[in-house]
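Next comes entry.txt, a file with compact mmCIF, C-alpha atoms and all ligand atoms.
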# COMPACT_ATOMS: atom_id res chain seq x y z
CA PRO J 1 -55.57 -58.16 11.48
CA SER J 2 -56.66 -56.98 14.89
CA SER J 3 -55.39 -57.53 18.41
CA ARG J 4 -56.60 -57.23 21.96
CA VAL J 5 -54.89 -54.73 24.19
CA SER J 6 -55.40 -53.96 27.88
CA LEU J 7 -54.26 -50.63 29.18
CA THR J 8 -55.08 -48.02 31.79
CA VAL J 9 -56.30 -44.61 30.71
CA ASN J 10 -56.69 -41.93 33.38
CA GLY J 11 -56.71 -44.60 36.05
CA LYS J 12 -59.40 -46.71 34.40
CA ARG J 13 -58.66 -50.15 32.94
CA TYR J 14 -59.79 -50.89 29.38
CA THR J 15 -59.53 -54.01 27.22
CA VAL J 16 -60.26 -53.39 23.55
CA THR J 17 -59.83 -55.19 20.27
CA VAL J 18 -58.50 -52.90 17.58
CA ASP J 19 -57.04 -53.08 14.09
CA ASN J 20 -53.27 -53.39 14.46
CA ARG J 21 -52.80 -50.09 12.61
CA THR J 22 -54.93 -48.11 15.06
CA SER J 23 -53.09 -45.20 16.63
CA LEU J 24 -53.38 -44.44 20.31
CA LEU J 25 -55.09 -41.18 19.29
CA ASP J 26 -57.81 -43.03 17.37
CA LEU J 27 -58.16 -45.54 20.20
CA LEU J 28 -58.76 -42.70 22.64
CA ARG J 29 -61.07 -40.66 20.44
CA GLU J 30 -63.00 -43.30 18.54
CA HIS J 31 -63.02 -46.36 20.79
CA LEU J 32 -62.98 -44.82 24.27
CA GLY J 33 -64.82 -41.56 23.51
CA LEU J 34 -62.04 -39.44 25.00
CA THR J 35 -61.97 -36.59 22.52
CA GLY J 36 -59.83 -34.17 24.55
CA SER J 37 -56.69 -35.16 22.65
CA LYS J 38 -56.89 -33.47 19.26
CA LYS J 39 -55.95 -34.58 15.77
CA GLY J 40 -54.12 -31.74 14.07
CA CYS J 41 -51.63 -33.12 11.56
CA ASN J 42 -51.90 -36.85 12.37
CA ALA J 43 -48.21 -37.02 11.44
CA GLY J 44 -46.18 -36.07 14.49
CA ALA J 45 -45.67 -32.44 13.58
CA CYS J 46 -48.08 -30.39 15.72
CA GLY J 47 -48.37 -31.87 19.24
CA ALA J 48 -52.16 -31.45 19.48
CA CYS J 49 -52.42 -35.17 20.27
CA THR J 50 -49.86 -35.17 23.12
CA VAL J 51 -50.57 -37.60 25.98
CA LEU J 52 -48.43 -39.14 28.70
CA VAL J 53 -47.56 -42.84 28.42
CA ASP J 54 -46.04 -44.14 31.64
CA GLY J 55 -45.27 -40.52 32.49
CA ARG J 56 -43.52 -39.70 29.21
CA ARG J 57 -44.86 -37.32 26.58
CA VAL J 58 -45.74 -38.94 23.26
CA ASN J 59 -47.53 -37.93 20.09
CA SER J 60 -50.46 -40.32 20.30
CA CYS J 61 -51.01 -40.09 16.52
CA LEU J 62 -47.64 -41.81 16.00
CA THR J 63 -48.09 -44.46 18.70
CA LEU J 64 -49.63 -47.81 17.83
CA ALA J 65 -52.33 -48.75 20.31
CA VAL J 66 -51.45 -52.46 20.21
CA ARG J 67 -47.94 -51.68 21.52
CA LEU J 68 -49.37 -50.35 24.78
CA GLU J 69 -50.20 -53.54 26.66
CA ASP J 70 -50.32 -52.64 30.37
CA ALA J 71 -49.29 -49.04 29.72
CA ALA J 72 -50.67 -46.20 31.82
CA VAL J 73 -51.94 -43.35 29.67
CA THR J 74 -52.87 -39.89 30.92
CA THR J 75 -54.86 -37.55 28.71
CA VAL J 76 -56.08 -34.02 29.36
CA GLU J 77 -59.29 -35.52 30.77
CA GLY J 78 -57.25 -37.16 33.53
CA LEU J 79 -55.52 -34.06 34.90
CA ALA J 80 -58.23 -32.51 37.07
CA LYS J 81 -59.03 -34.02 40.46
CA GLY J 82 -62.83 -33.91 40.61
CA ASP J 83 -63.80 -30.22 40.44
CA GLN J 84 -60.22 -29.16 41.12
CA LEU J 85 -58.38 -28.19 37.95
CA HIS J 86 -54.74 -29.14 37.58
CA PRO J 87 -52.61 -26.08 38.44
CA LEU J 88 -51.56 -25.81 34.80
CA GLN J 89 -55.17 -25.87 33.60
CA GLN J 90 -55.92 -23.03 36.04
CA ALA J 91 -52.81 -21.19 34.87
CA PHE J 92 -53.94 -21.37 31.23
CA ILE J 93 -57.18 -19.67 32.28
CA ASP J 94 -55.42 -17.09 34.46
CA GLN J 95 -52.91 -16.23 31.72
CA ASP J 96 -55.48 -16.37 28.90
CA ALA J 97 -53.11 -18.75 27.13
CA PHE J 98 -55.27 -19.66 24.14
CA GLN J 99 -57.35 -18.22 21.34
CA CYS J 100 -59.06 -20.96 19.30
CA GLY J 101 -58.15 -23.61 21.88
CA TYR J 102 -57.51 -26.46 19.47
CA CYS J 103 -53.90 -27.01 20.53
CA THR J 104 -54.67 -26.40 24.22
CA PRO J 105 -55.14 -30.01 25.43
CA GLY J 106 -51.83 -31.00 23.87
CA GLN J 107 -50.14 -27.86 25.20
CA ILE J 108 -51.38 -28.56 28.71
CA VAL J 109 -50.41 -32.25 28.73
CA SER J 110 -47.03 -31.34 27.27
CA GLY J 111 -46.61 -28.63 29.91
CA VAL J 112 -47.43 -31.12 32.66
CA GLY J 113 -44.82 -33.47 31.18
CA CYS J 114 -42.34 -30.62 31.11
CA MET J 115 -43.01 -29.87 34.77
CA GLN J 116 -42.61 -33.53 35.74
CA GLU J 117 -39.38 -33.76 33.76
CA GLY J 118 -38.04 -30.65 35.49
CA HIS J 119 -37.64 -28.60 32.31
CA THR J 120 -39.21 -25.42 33.63
CA GLY J 121 -36.18 -23.59 35.00
CA SER J 122 -36.55 -20.59 32.68
CA ALA J 123 -38.81 -19.28 29.94
CA GLU J 124 -36.17 -20.28 27.42
CA GLU J 125 -36.05 -23.84 28.74
CA ILE J 126 -39.86 -24.09 28.65
CA ARG J 127 -39.89 -22.80 25.07
CA GLU J 128 -37.27 -25.38 24.08
CA TRP J 129 -39.02 -28.34 25.73
CA MET J 130 -42.47 -27.28 24.49
CA SER J 131 -41.22 -26.71 20.95
CA GLY J 132 -43.08 -29.78 19.64
CA ASN J 133 -46.41 -28.11 20.40
CA ILE J 134 -47.49 -25.72 17.68
CA CYS J 135 -50.03 -22.92 18.25
CA ARG J 136 -51.32 -21.38 15.06
CA CYS J 137 -52.85 -18.46 16.96
CA GLY J 138 -49.39 -17.62 18.26
CA CYS J 139 -50.12 -17.70 21.99
CA TYR J 140 -46.62 -18.83 22.87
CA VAL J 141 -45.77 -15.97 25.24
CA LYS J 142 -48.86 -16.63 27.36
CA ILE J 143 -48.42 -20.41 27.19
CA VAL J 144 -44.90 -20.06 28.59
CA ARG J 145 -46.23 -17.71 31.31
CA ALA J 146 -48.84 -20.30 32.24
CA VAL J 147 -46.21 -23.04 32.62
CA GLU J 148 -44.10 -20.63 34.69
CA GLN J 149 -47.09 -19.84 36.91
CA ALA J 150 -47.91 -23.52 37.47
CA SER J 151 -44.27 -24.35 38.14
CA GLY J 152 -44.28 -21.59 40.76
FE1 LIG J 201 -50.21 -35.89 16.41
FE2 LIG J 201 -50.15 -33.55 15.10
S1 LIG J 201 -51.87 -34.84 15.51
S2 LIG J 201 -48.54 -34.50 16.21
Once you've parsed the file, please lay out its structure as structure tokens.
Amino acid sequence: PSSRVSLTVNGKRYTVTVDNRTSLLDLLREHLGLTGSKKGCNAGACGACTVLVDGRRVNSCLTLAVRLEDAAVTTVEGLAKGDQLHPLQQAFIDQDAFQCGYCTPGQIVSGVGCMQEGHTGSAEEIREWMSGNICRCGCYVKIVRAVEQASG
């Protein structure tokens, strides 16, 4: 069975009909063409698919799209304002906080969530609250520095 769902993604309203089993991640990537959010494990273990739903961080691979009627979703594509990068995007560049880059969109969205939640008081706190985001290249030290820089 499929259902219709209307939601806002990065400030734009969409109404789509999807199979009831469709994840938010697949909705974003396959139906809306927003491929910034990445599919790593597709099982809630890596954080590459992290997006904000009504301001809260979620693993979009574990979230059913049809449950999101009227939700406001923010993906990595929605963070910059025109040509102006989000301060955390700029900080990732400044701190060289990636190698392969696959986890980066999820890391950045998670870091933005962390900043909004006020969990950036110390490097230890950032590490704790970003612990759901795995980086196989092991860039954790620089990722934490980037969140510290953006939290200023
Ligand atoms: Fe969603 Fe890994 S792809 S947590």
Taking all atoms listed in the file into account, which of J:Cys103, J:Cys41, J:Met115, J:Cys139 comes nearest Gly152 (chain J)? J:Met115
Long-range neighbours of Gly138 (chain J) as an mmCIF file with C-alpha atoms, in the frame of the given file, 12 Å cut-off, all atoms listed in the file, 2 positions minimum in chain:
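So the final result, stored in result-v5.cif, reads:
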data_model
loop_
_atom_site.group_PDB
_atom_site.id
_atom_site.type_symbol
_atom_site.label_atom_id
_atom_site.label_comp_id
_atom_site.auth_asym_id
_atom_site.auth_seq_id
_atom_site.Cartn_x
_atom_site.Cartn_y
_atom_site.Cartn_z
ATOM 1 C CA ALA J 97 -53.110 -18.750 27.130
ATOM 2 C CA PHE J 98 -55.270 -19.660 24.140
ATOM 3 C CA GLN J 99 -57.350 -18.220 21.340
ATOM 4 C CA CYS J 100 -59.060 -20.960 19.300
ATOM 5 C CA GLY J 101 -58.150 -23.610 21.880
ATOM 6 C CA CYS J 103 -53.900 -27.010 20.530
ATOM 7 C CA THR J 104 -54.670 -26.400 24.220
ATOM 8 C CA ASN J 133 -46.410 -28.110 20.400
ATOM 9 C CA ILE J 134 -47.490 -25.720 17.680
ATOM 10 C CA CYS J 135 -50.030 -22.920 18.250
ATOM 11 C CA ARG J 136 -51.320 -21.380 15.060
ATOM 12 C CA TYR J 140 -46.620 -18.830 22.870
ATOM 13 C CA VAL J 141 -45.770 -15.970 25.240
ATOM 14 C CA LYS J 142 -48.860 -16.630 27.360
ATOM 15 C CA ILE J 143 -48.420 -20.410 27.190
ATOM 16 C CA VAL J 144 -44.900 -20.060 28.590
#
To one decimal place, how far is CA of Val147 (chain J) from CA of Pro87 (chain J) in Å? 9.2 Å
Can you list, as a PyMOL selection string, every protein, DNA or RNA residue that comes within 12 Å of Ser37 (chain J) when you count all atoms listed in the file, leaving out same-chain residues fewer than 2 positions away? chain J and resi 24-30+32-35+39-40+42+47-52+58-61+73-78+101-110
Take the residues that were just selected and, keeping C-alpha atoms, output them as a PDB file, in the frame of the given file.
ATOM      1  CA  LEU J  24     -53.380 -44.440  20.310  1.00  0.00           C
ATOM      2  CA  LEU J  25     -55.090 -41.180  19.290  1.00  0.00           C
ATOM      3  CA  ASP J  26     -57.810 -43.030  17.370  1.00  0.00           C
ATOM      4  CA  LEU J  27     -58.160 -45.540  20.200  1.00  0.00           C
ATOM      5  CA  LEU J  28     -58.760 -42.700  22.640  1.00  0.00           C
ATOM      6  CA  ARG J  29     -61.070 -40.660  20.440  1.00  0.00           C
ATOM      7  CA  GLU J  30     -63.000 -43.300  18.540  1.00  0.00           C
ATOM      8  CA  LEU J  32     -62.980 -44.820  24.270  1.00  0.00           C
ATOM      9  CA  GLY J  33     -64.820 -41.560  23.510  1.00  0.00           C
ATOM     10  CA  LEU J  34     -62.040 -39.440  25.000  1.00  0.00           C
ATOM     11  CA  THR J  35     -61.970 -36.590  22.520  1.00  0.00           C
ATOM     12  CA  LYS J  39     -55.950 -34.580  15.770  1.00  0.00           C
ATOM     13  CA  GLY J  40     -54.120 -31.740  14.070  1.00  0.00           C
ATOM     14  CA  ASN J  42     -51.900 -36.850  12.370  1.00  0.00           C
ATOM     15  CA  GLY J  47     -48.370 -31.870  19.240  1.00  0.00           C
ATOM     16  CA  ALA J  48     -52.160 -31.450  19.480  1.00  0.00           C
ATOM     17  CA  CYS J  49     -52.420 -35.170  20.270  1.00  0.00           C
ATOM     18  CA  THR J  50     -49.860 -35.170  23.120  1.00  0.00           C
ATOM     19  CA  VAL J  51     -50.570 -37.600  25.980  1.00  0.00           C
ATOM     20  CA  LEU J  52     -48.430 -39.140  28.700  1.00  0.00           C
ATOM     21  CA  VAL J  58     -45.740 -38.940  23.260  1.00  0.00           C
ATOM     22  CA  ASN J  59     -47.530 -37.930  20.090  1.00  0.00           C
ATOM     23  CA  SER J  60     -50.460 -40.320  20.300  1.00  0.00           C
ATOM     24  CA  CYS J  61     -51.010 -40.090  16.520  1.00  0.00           C
ATOM     25  CA  VAL J  73     -51.940 -43.350  29.670  1.00  0.00           C
ATOM     26  CA  THR J  74     -52.870 -39.890  30.920  1.00  0.00           C
ATOM     27  CA  THR J  75     -54.860 -37.550  28.710  1.00  0.00           C
ATOM     28  CA  VAL J  76     -56.080 -34.020  29.360  1.00  0.00           C
ATOM     29  CA  GLU J  77     -59.290 -35.520  30.770  1.00  0.00           C
ATOM     30  CA  GLY J  78     -57.250 -37.160  33.530  1.00  0.00           C
ATOM     31  CA  GLY J 101     -58.150 -23.610  21.880  1.00  0.00           C
ATOM     32  CA  TYR J 102     -57.510 -26.460  19.470  1.00  0.00           C
ATOM     33  CA  CYS J 103     -53.900 -27.010  20.530  1.00  0.00           C
ATOM     34  CA  THR J 104     -54.670 -26.400  24.220  1.00  0.00           C
ATOM     35  CA  PRO J 105     -55.140 -30.010  25.430  1.00  0.00           C
ATOM     36  CA  GLY J 106     -51.830 -31.000  23.870  1.00  0.00           C
ATOM     37  CA  GLN J 107     -50.140 -27.860  25.200  1.00  0.00           C
ATOM     38  CA  ILE J 108     -51.380 -28.560  28.710  1.00  0.00           C
ATOM     39  CA  VAL J 109     -50.410 -32.250  28.730  1.00  0.00           C
ATOM     40  CA  SER J 110     -47.030 -31.340  27.270  1.00  0.00           C
TER      41      SER J 110
END
Could you tell me how far CA of Glu117 (chain J) lies from CA of Leu68 (chain J), in Å and to one decimal?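 CA of Glu117 (chain J) sits 21.3 Å away from CA of Leu68 (chain J).
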Go through J:Ile93, J:Leu85, J:Val9, J:Cys114 and flag the residue nearest Ala72 (chain J), using only C-alpha atoms for the distances.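 Between J:Ile93, J:Leu85, J:Val9, J:Cys114, the residue approaching Ala72 (chain J) most closely is J:Val9.
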